[in-house]
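Asks: Got my_file_28.csv for you, CSV, C-alpha atoms:
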chain,number,residue,atom,x,y,z
U,1,MET,CA,143.1,12.1,-98.8
U,2,LYS,CA,141.3,15.4,-98.4
U,3,LEU,CA,137.9,13.6,-98.2
U,4,LYS,CA,139.2,11.3,-95.5
U,5,LYS,CA,140.5,14.2,-93.5
U,6,SER,CA,137.2,16.1,-93.9
U,7,LEU,CA,135.2,13.1,-92.7
U,8,ILE,CA,137.4,12.8,-89.6
U,9,LEU,CA,137.1,16.6,-88.9
U,10,VAL,CA,133.3,16.5,-89.2
U,11,GLY,CA,132.7,13.0,-87.8
U,12,THR,CA,134.8,13.2,-84.6
U,13,PRO,CA,132.8,16.1,-83.1
U,14,LEU,CA,129.6,14.5,-84.1
U,15,ILE,CA,130.5,11.2,-82.4
U,16,ILE,CA,131.6,13.1,-79.3
U,17,PHE,CA,128.3,15.0,-79.3
U,18,VAL,CA,126.2,11.8,-79.6
U,19,LEU,CA,128.2,10.2,-76.8
U,20,ILE,CA,127.7,13.2,-74.5
U,21,LEU,CA,123.9,13.1,-75.3
U,22,VAL,CA,123.7,9.3,-74.6
U,23,CYS,CA,125.6,9.8,-71.3
U,24,PHE,CA,123.3,12.7,-70.3
U,25,GLN,CA,120.2,10.6,-71.0
U,26,LEU,CA,121.5,7.7,-69.0
U,27,GLN,CA,122.5,9.9,-66.1
U,28,SER,CA,119.2,11.8,-66.0
U,29,LYS,CA,117.2,8.5,-65.9
U,30,SER,CA,119.3,7.1,-63.1
U,31,THR,CA,119.3,10.3,-61.2
U,32,THR,CA,115.6,10.3,-61.3
U,33,LEU,CA,115.4,6.7,-60.2
U,34,ASN,CA,117.8,7.4,-57.4
U,35,ASP,CA,115.9,10.6,-56.4
U,36,ILE,CA,112.7,8.6,-56.2
U,37,ASN,CA,114.2,5.8,-54.2
U,38,LYS,CA,116.0,8.2,-51.8
U,39,ASN,CA,112.6,9.7,-51.1
U,40,LEU,CA,110.6,6.5,-51.0
U,41,ASP,CA,109.8,4.8,-47.7
U,42,VAL,CA,108.0,1.4,-48.2
U,43,GLY,CA,110.2,-0.8,-46.0
U,44,GLU,CA,113.0,-2.5,-47.8
U,45,ILE,CA,111.5,-2.2,-51.3
U,46,LYS,CA,112.7,0.2,-53.9
U,47,LEU,CA,111.9,0.9,-57.6
U,48,GLY,CA,114.2,-1.1,-59.9
U,49,MET,CA,114.7,-3.8,-57.3
U,50,PRO,CA,114.8,-7.4,-58.8
U,51,GLU,CA,111.7,-9.5,-58.1
U,52,GLY,CA,113.8,-12.1,-56.3
U,53,ALA,CA,114.9,-9.5,-53.7
U,54,VAL,CA,111.2,-8.5,-53.1
U,55,THR,CA,110.2,-12.1,-52.5
U,56,GLN,CA,113.2,-12.6,-50.3
U,57,TYR,CA,112.1,-9.7,-48.0
U,58,TRP,CA,108.3,-10.1,-48.1
U,59,GLY,CA,107.6,-13.6,-49.4
U,60,GLN,CA,105.5,-14.6,-52.4
U,61,GLY,CA,102.4,-12.5,-51.9
U,62,GLU,CA,99.4,-13.0,-54.1
U,63,ILE,CA,100.4,-13.1,-57.7
U,64,ILE,CA,98.1,-11.4,-60.2
U,65,ASN,CA,98.9,-11.7,-63.9
U,66,GLY,CA,98.3,-8.8,-66.3
U,67,PHE,CA,99.1,-7.6,-69.8
U,68,GLY,CA,102.8,-6.9,-70.2
U,69,GLY,CA,103.5,-7.7,-66.6
U,70,HIS,CA,102.3,-9.0,-63.2
U,71,ARG,CA,102.1,-7.9,-59.7
U,72,ARG,CA,102.4,-9.3,-56.2
U,73,GLU,CA,99.9,-8.1,-53.7
U,74,TYR,CA,100.9,-8.0,-50.1
U,75,ILE,CA,97.5,-7.6,-48.4
U,76,ASP,CA,98.9,-7.5,-44.8
U,77,LYS,CA,101.3,-4.6,-45.9
U,78,LYS,CA,98.6,-2.9,-47.9
U,79,ILE,CA,100.8,-2.7,-51.0
U,80,LYS,CA,100.8,-3.9,-54.6
U,81,VAL,CA,104.2,-4.3,-56.3
U,82,GLU,CA,104.3,-4.5,-60.1
U,83,PHE,CA,106.9,-6.0,-62.5
U,84,SER,CA,107.2,-5.8,-66.2
U,85,ASP,CA,107.5,-8.9,-68.3
U,86,ASP,CA,108.5,-7.0,-71.4
U,87,ARG,CA,112.1,-7.6,-72.2
U,88,ASP,CA,112.3,-4.2,-73.8
U,89,ASN,CA,111.4,-2.4,-70.6
U,90,ASP,CA,114.3,-0.8,-68.8
U,91,LEU,CA,112.9,-2.3,-65.5
U,92,TYR,CA,112.3,-5.7,-66.9
U,93,GLN,CA,111.5,-8.1,-64.0
U,94,LYS,CA,112.2,-5.4,-61.5
U,95,VAL,CA,109.9,-3.2,-59.4
U,96,GLY,CA,108.3,-0.8,-61.9
U,97,SER,CA,105.3,0.3,-59.9
U,98,LEU,CA,104.1,0.5,-56.3
U,99,GLU,CA,100.6,1.2,-55.1
U,100,PHE,CA,99.9,1.5,-51.4
U,101,THR,CA,97.2,2.4,-48.9
U,102,ASN,CA,99.4,1.8,-45.9
U,103,THR,CA,99.7,5.0,-43.8
U,104,ASN,CA,103.2,4.1,-42.7
U,105,TYR,CA,104.6,4.4,-46.3
U,106,SER,CA,105.5,7.6,-48.1
U,107,ILE,CA,107.0,9.2,-51.1
U,108,PHE,CA,108.6,12.7,-50.6
U,109,LEU,CA,107.2,12.5,-47.1
U,110,ILE,CA,103.6,12.3,-48.6
U,111,LYS,CA,101.5,9.7,-46.8
U,112,VAL,CA,98.1,8.2,-47.2
U,113,GLY,CA,95.8,10.3,-44.9
U,114,ASP,CA,97.6,13.6,-45.8
U,115,GLU,CA,95.5,16.5,-47.0
U,116,LYS,CA,95.5,17.2,-50.7
U,117,ASN,CA,96.8,20.7,-50.6
U,118,ILE,CA,99.9,19.7,-48.5
U,119,ALA,CA,100.6,16.8,-50.8
U,120,MET,CA,100.3,19.1,-53.9
U,121,LYS,CA,102.9,21.5,-52.5
U,122,LYS,CA,105.3,18.7,-51.7
U,123,ILE,CA,105.0,17.0,-55.0
U,124,LEU,CA,105.4,20.2,-57.0
U,125,SER,CA,108.4,21.3,-55.0
U,126,ASN,CA,110.1,18.1,-55.9
U,127,GLY,CA,110.0,18.9,-59.7
U,128,PHE,CA,106.9,16.9,-60.6
U,129,LYS,CA,104.4,18.5,-63.0
U,130,PRO,CA,100.6,17.9,-63.3
U,131,MET,CA,99.9,15.6,-66.2
U,132,ASP,CA,97.2,16.7,-68.6
U,133,ASN,CA,95.9,19.3,-66.1
U,134,ALA,CA,95.0,16.5,-63.8
U,135,GLN,CA,95.0,17.2,-60.1
U,136,ASP,CA,95.8,13.6,-59.1
U,137,ARG,CA,98.6,12.5,-61.5
U,138,PHE,CA,102.1,14.0,-61.7
U,139,VAL,CA,105.1,13.3,-64.0
U,140,LYS,CA,108.8,13.8,-63.8
U,141,GLY,CA,110.9,12.2,-66.6
U,142,GLU,CA,109.7,8.6,-66.8
U,143,PHE,CA,108.1,8.5,-63.4
U,144,TYR,CA,104.5,9.1,-62.4
U,145,ILE,CA,102.9,9.6,-59.0
U,146,THR,CA,99.2,9.2,-58.8
U,147,PHE,CA,97.0,10.0,-55.8
U,148,THR,CA,93.5,8.8,-55.1
U,149,PHE,CA,91.5,11.1,-52.8
U,150,THR,CA,88.5,10.6,-50.6
U,151,ASP,CA,86.1,13.5,-51.1
U,152,GLN,CA,88.8,15.2,-53.1
U,153,ARG,CA,90.6,16.2,-49.8
U,154,ILE,CA,92.4,13.3,-48.2
U,155,ILE,CA,94.9,10.9,-49.9
U,156,GLU,CA,93.4,7.4,-50.0
U,157,SER,CA,96.2,5.7,-52.0
U,158,ILE,CA,99.5,6.5,-53.7
U,159,GLN,CA,101.0,4.9,-56.8
U,160,ILE,CA,104.5,5.5,-58.0
U,161,ALA,CA,105.2,4.1,-61.5
U,162,PHE,CA,107.9,3.9,-64.1
U,163,ALA,CA,106.7,4.3,-67.7
U,164,ASP,CA,109.5,3.5,-70.1
U,165,LYS,CA,109.5,6.3,-72.7
U,166,ASP,CA,110.5,3.8,-75.4
U,167,LEU,CA,107.4,1.7,-74.8
U,168,ARG,CA,104.6,4.3,-74.3
U,169,SER,CA,103.0,3.6,-77.6
U,170,ARG,CA,103.0,-0.2,-77.0
U,171,SER,CA,99.7,-1.9,-76.4
U,172,TYR,CA,99.5,-5.2,-74.4
Rewrite the structure from the file as structure tokens, please.

Replies:
Amino acid sequence: MKLKKSLILVGTPLIIFVLILVCFQLQSKSTTLNDINKNLDVGEIKLGMPEGAVTQYWGQGEIINGFGGHRREYIDKKIKVEFSDDRDNDLYQKVGSLEFTNTNYSIFLIKVGDEKNIAMKKILSNGFKPMDNAQDRFVKGEFYITFTFTDQRIIESIQIAFADKDLRSRSY
């Protein structure tokens, strides 16, 4: 009887702690996705959107198959939309990456054509950190933003991507 009571006394707080930890992890992931989408302006498309919704808005685009996923390229909109085909990915068959050269689109009010120093201030002020001392790739949680620059001064393209932490070691 004493053993059962001890297990309950020790096990209950442990279970509560694990549940709180799981809830915190889920909340921080969705908060980041919501934060990205709230600050993303690429027409109707958002990260985490099902592929069917993308094709409903923009049509089929040009499909390009890859390893672990595929993308739809919308040449007239100057954007590539990528989808994971890995069932273990949290964004399976949903928008997991966007890459654009369209000057009308933005992330955190950063657009193609902006100067590097202005973009760096904006991205850092939104909680992103440089990845591996790179001056073109930034990370926050499971999200990356990568800039391509012309002459290291002006943004030529922007990529926003989700990298599921549980799949980072997976090779396709």

Asks: Which residue out of U:Asn133, U:Asn102, U:Thr32, U:Asn117 has the minimum interatomic distance to Tyr74 of chain U when only C-alpha atoms are used?

Replies: U:Asn102

Asks: What separation in Å, quoted to one decimal, exists between atom CA of Asn89 of chain U and atom CA of Gly52 of chain U?

Replies: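 Interatomic distance, atom CA of Asn89 of chain U to atom CA of Gly52 of chain U: 17.4 Å.
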
Asks: Any idea what the distance is between atom CA of Lys78 of chain U and atom CA of Gly96 of chain U?

Replies: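 Distance reported for this atom pair: 17.2 Å.
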
Asks: What gap, in Å, lies between atom CA of Ile158 of chain U and atom CA of Asp86 of chain U?

Replies: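 If I compute the distance from atom CA of Ile158 of chain U to atom CA of Asp86 of chain U, I get 24.0 Å.
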
Asks: I need the residue nearest Phe162 of chain U from this list: U:Ile118, U:Leu47, U:Ile64, U:Leu124. Use all atoms listed in the file for the distance.

Replies: U:Leu47

Asks: Which one is closest to Pro130 of chain U: U:Phe108, U:Gln159, U:Phe147, U:Asn34? Count all atoms listed in the file.

Replies: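 Comparing U:Phe108, U:Gln159, U:Phe147, U:Asn34 against Pro130 of chain U, the winner is U:Phe147.
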
Asks: From the list U:Val139, U:Asp132, U:Ser125, U:Lys111, which residue is nearest Ala163 of chain U when using only C-alpha atoms?

Replies: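 Of the candidates, the smallest distance to Ala163 of chain U is held by U:Val139.
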
Asks: Go through U:Phe138, U:Tyr144, U:Gly113, U:Thr101 and flag the residue nearest Ser157 of chain U, using all atoms listed in the file for the distances.

Replies: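 Of U:Phe138, U:Tyr144, U:Gly113, U:Thr101, the one nearest Ser157 of chain U is U:Thr101, counting all atoms listed in the file.
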
Asks: Go through U:Arg72, U:Gly59, U:Phe83, U:Tyr105 one by one, measure the shortest atom-to-atom distance of each to Gly43 of chain U using all atoms listed in the file, and give the residue with the smallest value.

Replies: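 Nearest candidate to Gly43 of chain U out of U:Arg72, U:Gly59, U:Phe83, U:Tyr105: U:Tyr105.
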
Asks: Hey, what's within 6 Å of Glu82 of chain U if we count only C-alpha atoms and toss same-chain stuff fewer than 6 positions away? As a ChimeraX atom specification, please?

Replies: /U:70-71,95-97

Asks: I need every residue sitting at most 12 Å from the point (112.7, 2.3, -60.9) (coordinates as in the file, all atoms listed in the file considered), written as number ranges by chain.

Replies: U: 29-38, 40, 45-50, 81-84, 89-98, 141-144, 160-164
